[in-house]
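S.K.: Let me give you the structure first, and then I'll get to my questions.
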Amino acid sequence: MQPSFSLFVLGAGGGPLETNLSSYLCKAYESTWEGDVFALEAGSGIGALSRLLHENEALLSYFGFKPSTTPLVAATRIISAVHIYLITHSHLDHIRLVAHCYAVMRKVPNLFNSGLVLSAGSFPGGRRKRIAAVNSVLEDIETVFSGRLWPKLANREENDEDFSYLLTILHHGQYQRLCPNVSVRTMPLTHGKSFTDPTLPYESSAFFIRHDITRRQFLFFGDVEPDSLSIKPQSIAVWREAACLVPDQLDSIFLECSWSMDRDDALLFGHLSPKHVLRELETFADEIMCSKASNEDGLRTPKRQRKSRSGVLHGLTLYIIHCKAGLNDVHDQTQLIARQVKTLVQEQELGIEVVAVVQGMRIGE
């Protein structure tokens with residue numbers, strides 16, 4: 001089956017390496033990399049892409065450039081084609097790209113290192129770029145572009161200058177059009193406790209990205225804590241909606257696993273470890289079985305009557321993202337976490353394929 005999307009991993013890490021932070025370039029499969037490109041998160045930008053193109057010359061052809069094109073020129077043109085950034089939450093490792101572009105527009109050299117915040121205003125010409133997120137995230141981003149931390153280069157005014165970002169609200173629960181043939185549905189997640197009020201959750205988001213022609217979609221989680229430890233469990237609602245899409249529409253899930261197995265629950269800081277990924281997947285499997293039972297008899301099956309989860313997630317692929325780098329090798333830590341998740345999944349015979357996502361990876365080709 002031909003893929004519905006092409007996705008390039010510009011950055012997959014969860015820190016502390018600033019050269020590899022969450023950023024995924026995506027397009028409908030039939031589009032080009034200089035056409036209707038959108039980004040999931042914006043932690044890495046031109047600097048990271050230029051380095052990847054320099055290290056792997058085959059990527060120039062992948063993105064449609066001649067071998068003679070310099071990596072910096074190609075990287076600038078690719079990032080220039082991104083017309084909308086989907087942001088799950090406003091932590092800086094997910095929004096650094098949005099301010100950097102201001103430097104290029106004003107011809108300030110040597111600032112090609114970061115992401116969304118550091119990219120604002122730098123790409124001349126073309127249509128105005130958008131930042132799309134739930135309102136609370138946009139409010140946080142507005143504080144960045146207040147004129148104090150960074151110039152006022154993002155607002156909600158439809159008729160402002162093209163070099164400023166247009167802030168676009170994503171509403172929970174409904175599909176909203178991103179670009180030709182692509183829509184997104186946003187659902188709330190909990191990413192630990194709010195620092196301003198520990199009695200409240202810190203909000204993150206999950207995105208269902210749908211190809212409107214093929215109806216195929218994938219699920220992308222922002223940073224998220226285990227429902228089992230959360231002051232406001234919200235992931236179960238996402239799993240319930242995803243269960244209704246399996247297998248005809250949904251087959252790929254991007255889920256964070258920031259820590260390895262030895263991380264204590266008290267030190268997760270709003271993230272997942274392998275044992276909690278397993279629990280979330282078991283919840284997903286339960287919801288799939290409930291959905292199937294509901295389709296058969298119109299009633300949701302109580303938990304006590306659920307059958308074995310063996311093979312329930314067969315045909316699905318779980319992409320592990322946002323692994324925090326170890327002190328020695330980011331790839332080793334990412335592979336370690338993915339192996340730990342895979343072992344737990346195999347022990348429970350869930351049937352889902354587990355893939356470690358690394359910077360520079362091409363998914364869907």
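Simple scheme: letters A, B, ... for chains in structure tokens order, numbers from 1 for residues in each chain, numbers from 1 for ligands in the order shown.
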Would you please give, as a PyMOL selection string, all residues of range 19-113 of chain A that DSSP assigns to helix (DSSP H, G or I) based on the backbone?

M.R.: chain A and resi 46-55+58-62+71-80+92-94+102-105

S.K.: Output the selection as an mmCIF file, in the first residue's frame - N, CA and C atoms for each residue.

M.R.:
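Below you can see part_6.cif, which holds the result:
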```
data_model
loop_
_atom_site.group_PDB
_atom_site.id
_atom_site.type_symbol
_atom_site.label_atom_id
_atom_site.label_comp_id
_atom_site.auth_asym_id
_atom_site.auth_seq_id
_atom_site.Cartn_x
_atom_site.Cartn_y
_atom_site.Cartn_z
ATOM 1 N N ILE A 46 17.215 25.126 10.789
ATOM 2 C CA ILE A 46 18.124 25.156 9.648
ATOM 3 C C ILE A 46 19.486 24.569 9.999
ATOM 4 N N GLY A 47 20.000 24.891 11.177
ATOM 5 C CA GLY A 47 21.325 24.383 11.556
ATOM 6 C C GLY A 47 21.376 22.876 11.585
ATOM 7 N N ALA A 48 20.373 22.263 12.221
ATOM 8 C CA ALA A 48 20.328 20.801 12.289
ATOM 9 C C ALA A 48 20.167 20.194 10.904
ATOM 10 N N LEU A 49 19.289 20.779 10.089
ATOM 11 C CA LEU A 49 19.049 20.228 8.751
ATOM 12 C C LEU A 49 20.278 20.390 7.864
ATOM 13 N N SER A 50 20.940 21.532 7.940
ATOM 14 C CA SER A 50 22.153 21.747 7.152
ATOM 15 C C SER A 50 23.212 20.712 7.507
ATOM 16 N N ARG A 51 23.359 20.429 8.786
ATOM 17 C CA ARG A 51 24.339 19.422 9.220
ATOM 18 C C ARG A 51 23.967 18.032 8.697
ATOM 19 N N LEU A 52 22.692 17.678 8.771
ATOM 20 C CA LEU A 52 22.254 16.367 8.289
ATOM 21 C C LEU A 52 22.483 16.229 6.786
ATOM 22 N N LEU A 53 22.220 17.290 6.034
ATOM 23 C CA LEU A 53 22.451 17.261 4.586
ATOM 24 C C LEU A 53 23.945 17.151 4.269
ATOM 25 N N HIS A 54 24.767 17.781 5.092
ATOM 26 C CA HIS A 54 26.220 17.708 4.898
ATOM 27 C C HIS A 54 26.731 16.306 5.198
ATOM 28 N N GLU A 55 26.178 15.671 6.229
ATOM 29 C CA GLU A 55 26.634 14.337 6.629
ATOM 30 C C GLU A 55 26.106 13.229 5.717
ATOM 31 N N ALA A 58 22.911 11.929 0.239
ATOM 32 C CA ALA A 58 21.739 11.320 -0.398
ATOM 33 C C ALA A 58 20.451 12.061 -0.039
ATOM 34 N N LEU A 59 20.467 12.784 1.072
ATOM 35 C CA LEU A 59 19.283 13.535 1.466
ATOM 36 C C LEU A 59 18.960 14.664 0.493
ATOM 37 N N LEU A 60 19.974 15.187 -0.195
ATOM 38 C CA LEU A 60 19.711 16.230 -1.190
ATOM 39 C C LEU A 60 18.757 15.713 -2.254
ATOM 40 N N SER A 61 18.996 14.508 -2.738
ATOM 41 C CA SER A 61 18.118 13.902 -3.734
ATOM 42 C C SER A 61 16.738 13.621 -3.137
ATOM 43 N N TYR A 62 16.702 13.164 -1.890
ATOM 44 C CA TYR A 62 15.430 12.877 -1.215
ATOM 45 C C TYR A 62 14.537 14.114 -1.187
ATOM 46 N N PRO A 71 24.490 22.410 1.300
ATOM 47 C CA PRO A 71 23.565 22.026 2.380
ATOM 48 C C PRO A 71 22.823 23.211 2.988
ATOM 49 N N LEU A 72 23.502 24.343 3.179
ATOM 50 C CA LEU A 72 22.846 25.485 3.803
ATOM 51 C C LEU A 72 21.747 26.052 2.921
ATOM 52 N N VAL A 73 22.017 26.148 1.612
ATOM 53 C CA VAL A 73 21.000 26.640 0.687
ATOM 54 C C VAL A 73 19.806 25.701 0.654
ATOM 55 N N ALA A 74 20.070 24.394 0.578
ATOM 56 C CA ALA A 74 18.982 23.408 0.548
ATOM 57 C C ALA A 74 18.175 23.466 1.837
ATOM 58 N N ALA A 75 18.870 23.516 2.981
ATOM 59 C CA ALA A 75 18.176 23.552 4.273
ATOM 60 C C ALA A 75 17.285 24.780 4.383
ATOM 61 N N THR A 76 17.789 25.924 3.923
ATOM 62 C CA THR A 76 17.006 27.152 3.984
ATOM 63 C C THR A 76 15.756 27.050 3.123
ATOM 64 N N ARG A 77 15.892 26.475 1.936
ATOM 65 C CA ARG A 77 14.733 26.339 1.051
ATOM 66 C C ARG A 77 13.720 25.352 1.606
ATOM 67 N N ILE A 78 14.188 24.272 2.216
ATOM 68 C CA ILE A 78 13.270 23.280 2.794
ATOM 69 C C ILE A 78 12.483 23.889 3.948
ATOM 70 N N ILE A 79 13.184 24.552 4.869
ATOM 71 C CA ILE A 79 12.494 25.161 6.003
ATOM 72 C C ILE A 79 11.588 26.295 5.531
ATOM 73 N N SER A 80 11.997 26.991 4.469
ATOM 74 C CA SER A 80 11.145 28.054 3.917
ATOM 75 C C SER A 80 9.810 27.504 3.434
ATOM 76 N N LEU A 92 10.327 25.172 25.648
ATOM 77 C CA LEU A 92 11.257 25.713 24.665
ATOM 78 C C LEU A 92 11.878 24.665 23.758
ATOM 79 N N ASP A 93 12.037 23.430 24.238
ATOM 80 C CA ASP A 93 12.626 22.417 23.366
ATOM 81 C C ASP A 93 11.683 22.010 22.238
ATOM 82 N N HIS A 94 10.463 22.559 22.228
ATOM 83 C CA HIS A 94 9.506 22.272 21.161
ATOM 84 C C HIS A 94 9.188 23.494 20.306
ATOM 85 N N TYR A 102 14.001 35.580 12.023
ATOM 86 C CA TYR A 102 14.126 37.044 12.078
ATOM 87 C C TYR A 102 15.537 37.484 11.692
ATOM 88 N N ALA A 103 16.527 36.651 12.059
ATOM 89 C CA ALA A 103 17.920 37.016 11.797
ATOM 90 C C ALA A 103 18.221 37.103 10.310
ATOM 91 N N VAL A 104 17.665 36.180 9.524
ATOM 92 C CA VAL A 104 17.965 36.177 8.095
ATOM 93 C C VAL A 104 17.305 37.360 7.392
ATOM 94 N N MET A 105 16.058 37.648 7.775
ATOM 95 C CA MET A 105 15.369 38.776 7.162
ATOM 96 C C MET A 105 16.129 40.077 7.399
#
```

S.K.: With DSSP run on the backbone, what are the strand (DSSP E or B) residues within range 266-351 of chain A? I'd like them as an MDAnalysis selection string.

M.R.: chainID A and resid 317:321

S.K.: Neighbours of range 343-351 of chain A within 10 Å (only C-alpha atoms; same-chain residues fewer than 4 positions away dropped), as number ranges by chain?

M.R.: A: 274-275, 277-279, 281-282, 285, 308-317, 337-339

S.K.: Could those residues be written to a file, using C-alpha atoms, as a PDB file, in the first residue's frame?

M.R.:
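Contents of the output file part-v6.pdb:
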```
ATOM      1  CA  PRO A 274       9.019   1.804  29.252  1.00  0.00           C
ATOM      2  CA  LYS A 275       6.802   0.230  31.913  1.00  0.00           C
ATOM      3  CA  VAL A 277       4.424   2.877  27.760  1.00  0.00           C
ATOM      4  CA  LEU A 278       3.397  -0.758  28.196  1.00  0.00           C
ATOM      5  CA  ARG A 279       0.509   0.218  30.463  1.00  0.00           C
ATOM      6  CA  LEU A 281      -0.521   0.222  25.167  1.00  0.00           C
ATOM      7  CA  GLU A 282      -2.468  -2.237  27.285  1.00  0.00           C
ATOM      8  CA  ALA A 285      -5.552  -2.791  23.404  1.00  0.00           C
ATOM      9  CA  SER A 308      -6.534 -11.785  26.222  1.00  0.00           C
ATOM     10  CA  ARG A 309      -4.684  -8.833  24.696  1.00  0.00           C
ATOM     11  CA  SER A 310      -2.479 -11.197  22.683  1.00  0.00           C
ATOM     12  CA  GLY A 311      -2.061  -9.908  19.123  1.00  0.00           C
ATOM     13  CA  VAL A 312      -4.607  -7.112  19.519  1.00  0.00           C
ATOM     14  CA  LEU A 313      -2.112  -4.485  18.309  1.00  0.00           C
ATOM     15  CA  HIS A 314      -0.829  -6.547  15.375  1.00  0.00           C
ATOM     16  CA  GLY A 315      -0.356  -4.457  12.240  1.00  0.00           C
ATOM     17  CA  LEU A 316       0.373  -1.259  14.176  1.00  0.00           C
ATOM     18  CA  THR A 317       3.737   0.484  14.444  1.00  0.00           C
ATOM     19  CA  ILE A 337      14.780   2.585  25.561  1.00  0.00           C
ATOM     20  CA  ALA A 338      13.238   1.165  22.391  1.00  0.00           C
ATOM     21  CA  ARG A 339      14.651  -2.301  23.165  1.00  0.00           C
TER      22      ARG A 339
END
```

S.K.: Nearest to Ala325 in chain A among A:Ser252, A:Glu225, A:His89, A:Ser260, with distances taken over only C-alpha atoms: which residue is it?

M.R.: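 For Ala325 in chain A, the nearest of the given residues is A:Ser260.
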
S.K.: Which is closest to Asp248 in chain A among A:Gln217, A:Asn155, A:Asn20, A:Ser228, if we use only C-alpha atoms?

M.R.: A:Gln217

S.K.: Just to confirm, what's the straight-line distance from CA of Lys193 in chain A to CA of Val341 in chain A in Å (one decimal)?

M.R.: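 Atom-to-atom, CA of Lys193 in chain A and CA of Val341 in chain A are spaced 25.1 Å apart.
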
S.K.: Tell me, in Å to one decimal, how far CA of Lys324 in chain A is from CA of Glu139 in chain A.

M.R.: 27.1 Å

S.K.: Using only C-alpha atoms, which residues sit within 12 Å of Thr283 in chain A once same-chain residues fewer than 3 positions away are excluded, as a PyMOL selection string?

M.R.: chain A and resi 226-228+235-240+242-243+276-280+286-290+303+306+309+312-313+350

S.K.: Write the residues you've just listed into a file as a PDB file, in the first residue's frame, and include C-alpha atoms for each of them.

M.R.:
```pdb
ATOM      1  CA  PRO A 226       1.266   8.186  32.606  1.00  0.00           C
ATOM      2  CA  ASP A 227      -2.454   8.231  33.217  1.00  0.00           C
ATOM      3  CA  SER A 228      -1.789   5.991  36.214  1.00  0.00           C
ATOM      4  CA  SER A 235      -4.582   9.779  27.504  1.00  0.00           C
ATOM      5  CA  ILE A 236      -7.347   7.188  27.806  1.00  0.00           C
ATOM      6  CA  ALA A 237      -9.678   9.418  25.803  1.00  0.00           C
ATOM      7  CA  VAL A 238      -7.077   9.579  23.026  1.00  0.00           C
ATOM      8  CA  TRP A 239      -6.670   5.797  23.043  1.00  0.00           C
ATOM      9  CA  ARG A 240     -10.447   5.394  22.914  1.00  0.00           C
ATOM     10  CA  ALA A 242      -7.723   5.849  18.228  1.00  0.00           C
ATOM     11  CA  ALA A 243      -9.274   2.437  18.852  1.00  0.00           C
ATOM     12  CA  HIS A 276       4.354   3.100  31.553  1.00  0.00           C
ATOM     13  CA  VAL A 277       4.424   2.877  27.760  1.00  0.00           C
ATOM     14  CA  LEU A 278       3.397  -0.758  28.196  1.00  0.00           C
ATOM     15  CA  ARG A 279       0.509   0.218  30.463  1.00  0.00           C
ATOM     16  CA  GLU A 280      -0.662   2.811  27.957  1.00  0.00           C
ATOM     17  CA  ASP A 286      -8.436  -2.865  25.873  1.00  0.00           C
ATOM     18  CA  GLU A 287     -10.102   0.017  24.064  1.00  0.00           C
ATOM     19  CA  ILE A 288      -9.733  -1.744  20.709  1.00  0.00           C
ATOM     20  CA  MET A 289     -11.409  -4.837  22.128  1.00  0.00           C
ATOM     21  CA  CYS A 290     -14.176  -2.690  23.602  1.00  0.00           C
ATOM     22  CA  LYS A 303     -13.124  -4.760  31.769  1.00  0.00           C
ATOM     23  CA  ARG A 306     -12.198  -8.620  28.294  1.00  0.00           C
ATOM     24  CA  ARG A 309      -4.684  -8.833  24.696  1.00  0.00           C
ATOM     25  CA  VAL A 312      -4.607  -7.112  19.519  1.00  0.00           C
ATOM     26  CA  LEU A 313      -2.112  -4.485  18.309  1.00  0.00           C
ATOM     27  CA  LEU A 350       0.623  -7.348  22.084  1.00  0.00           C
TER      28      LEU A 350
END
```

S.K.: If I take CA of Leu219 in chain A and CA of Phe63 in chain A, how far is one from the other in Å, to one decimal?

M.R.: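 So the two atoms, CA of Leu219 in chain A and CA of Phe63 in chain A, lie 24.0 Å apart.
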
S.K.: Have a look at A:Phe163, A:Tyr24, A:Phe145, A:Phe38 and name the one nearest to His322 in chain A; count only C-alpha atoms.

M.R.: A:Tyr24

S.K.: Using only C-alpha atoms, determine which residues lie at most 9 Å from Glu30 in chain A, disregarding the query and same-chain residues fewer than 4 positions distant; provide the list as a VMD selection string.

M.R.: chain A and resid 4 to 6

S.K.: Let me make sure I understand: among A:Gln249, A:Gln333, A:Asn181, A:Gln176, which one has the smallest atom-to-atom distance to Phe218 in chain A if we use only C-alpha atoms?

M.R.: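 Result for the nearest residue to Phe218 in chain A: A:Gln249.
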